[in-house]
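Structure, as structure tokens:
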Amino acid sequence: MKTQSFTLPVSTSAGEFLAHYSQRGLAGLNFPGRHSSVRAAKPDDGIPAEVSEWHRTTGSALNKLLAGQKQVKFPPLDLAGTDFQKSVWHEMLKIASGKTKSYGEIAEAIGKPGAVRAVGGACGANPIPVFVPCHRVLAANKKIGGFSSGLHWKRRLLESEGIVL
DNA sequence: TCCGTATTGAACT
DNA sequence: AGTTCAATACGGA
């Protein structure tokens, strides 16, 4: 059987995000593209009820996060990656809103203090930015570092959470 | 096996 | 104070 995936648009104040769902949960999230018209599924056609519910939660969570809301409810996350990457992502999920950690802190937290750069790599491979708060991870001297989907977004998200650089 | 990476800390100018 | 350099861990080609 083939892995079914569904892509649904998420309307936010910042634009239309695209959420990818697998059978296990939210598998990916894309920032609003220019006019990258990705084929999005219709909410009422072939979409399992479960996915619809996840999507509803996703939309709510995303808007709240963009508004700077601290505690939001997440849909199940289907994080696909290597063991190391999952460790990194899991560690990042534990970062409280409004707080930041350095790449070194993450590396140390997962038991590999020297893997600072590898952590950065895992972050770049993060399929679900915003939910997996890779934007809360800064360099050691509080520099913003980088952001795959656009540094622009990282800065915006940080400001939404009241984090001042 | 080699290269790139969203780092880091120390040395150098 | 700004910049360069080597080291380190992991993923992808």
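Each chain in the structure tokens gets a letter, A, B and so on, in the order shown; residues start at 1 in every chain, and ligands are counted from 1 in the order they appear.
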Exercise. Which residues come within 9 Å of range 1-10 of chain C, counting only C-alpha atoms (C1' of nucleotides), excluding same-chain residues fewer than 5 positions away, as a VMD selection string?
Worked result: (chain A and resid 84 112 114 to 119 121 to 122) or (chain B and resid 11 to 13)
Exercise. Taking only C-alpha atoms (C1' of nucleotides) into account, which residues of chain A are within 12 Å of chain B, as a PyMOL selection string?
Worked result: chain A and resi 102-107+113-126+134-151+154
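Per DSSP on the backbone, strand (DSSP E or B) in range 48-147 of chain A comprises Leu77, Lys101, Ser102, Pro129, Val132, Val137 and Leu138 of chain A.
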Write the residues you've just listed into a file as a tab-separated table (two decimals), in the first residue's frame, and include all heavy atoms for each of them.
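Below you can see selection.tsv, which holds the result:
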chain	number	residue	atom	x	y	z
A	77	LEU	N	2.36	14.64	15.70
A	77	LEU	CA	3.40	14.95	14.74
A	77	LEU	C	4.06	13.68	14.23
A	77	LEU	O	4.48	12.84	15.01
A	77	LEU	CB	4.47	15.84	15.40
A	77	LEU	CG	3.96	17.13	16.04
A	77	LEU	CD1	5.13	17.92	16.62
A	77	LEU	CD2	3.22	17.98	15.02
A	101	LYS	N	17.49	28.41	23.34
A	101	LYS	CA	18.61	27.54	23.67
A	101	LYS	C	19.64	27.69	22.58
A	101	LYS	O	19.29	28.05	21.45
A	101	LYS	CB	18.13	26.09	23.75
A	101	LYS	CG	17.93	25.60	25.17
A	101	LYS	CD	17.68	24.11	25.20
A	101	LYS	CE	17.83	23.61	26.62
A	101	LYS	NZ	17.74	22.16	26.72
A	102	SER	N	20.85	27.38	22.91
A	102	SER	CA	21.88	27.45	21.87
A	102	SER	C	22.06	26.06	21.27
A	102	SER	O	21.64	25.07	21.84
A	102	SER	CB	23.20	27.94	22.47
A	102	SER	OG	23.75	26.94	23.30
A	129	PRO	N	8.77	23.21	10.82
A	129	PRO	CA	9.21	24.40	11.53
A	129	PRO	C	8.03	25.02	12.26
A	129	PRO	O	6.89	24.69	11.98
A	129	PRO	CB	9.73	25.32	10.42
A	129	PRO	CG	9.12	24.82	9.15
A	129	PRO	CD	8.86	23.37	9.37
A	132	VAL	N	7.97	22.46	15.70
A	132	VAL	CA	9.25	22.07	16.28
A	132	VAL	C	10.05	23.36	16.30
A	132	VAL	O	10.48	23.82	15.26
A	132	VAL	CB	9.97	21.00	15.43
A	132	VAL	CG1	11.34	20.69	16.02
A	132	VAL	CG2	9.13	19.74	15.35
A	137	VAL	N	16.15	28.20	18.72
A	137	VAL	CA	17.54	27.79	18.90
A	137	VAL	C	18.45	28.83	18.27
A	137	VAL	O	18.43	29.03	17.06
A	137	VAL	CB	17.78	26.42	18.24
A	137	VAL	CG1	19.21	25.97	18.50
A	137	VAL	CG2	16.80	25.39	18.79
A	138	LEU	N	19.22	29.47	19.11
A	138	LEU	CA	20.13	30.50	18.63
A	138	LEU	C	21.57	30.06	18.82
A	138	LEU	O	21.83	29.08	19.51
A	138	LEU	CB	19.90	31.80	19.41
A	138	LEU	CG	18.47	32.33	19.41
A	138	LEU	CD1	18.39	33.59	20.25
A	138	LEU	CD2	17.99	32.60	18.00
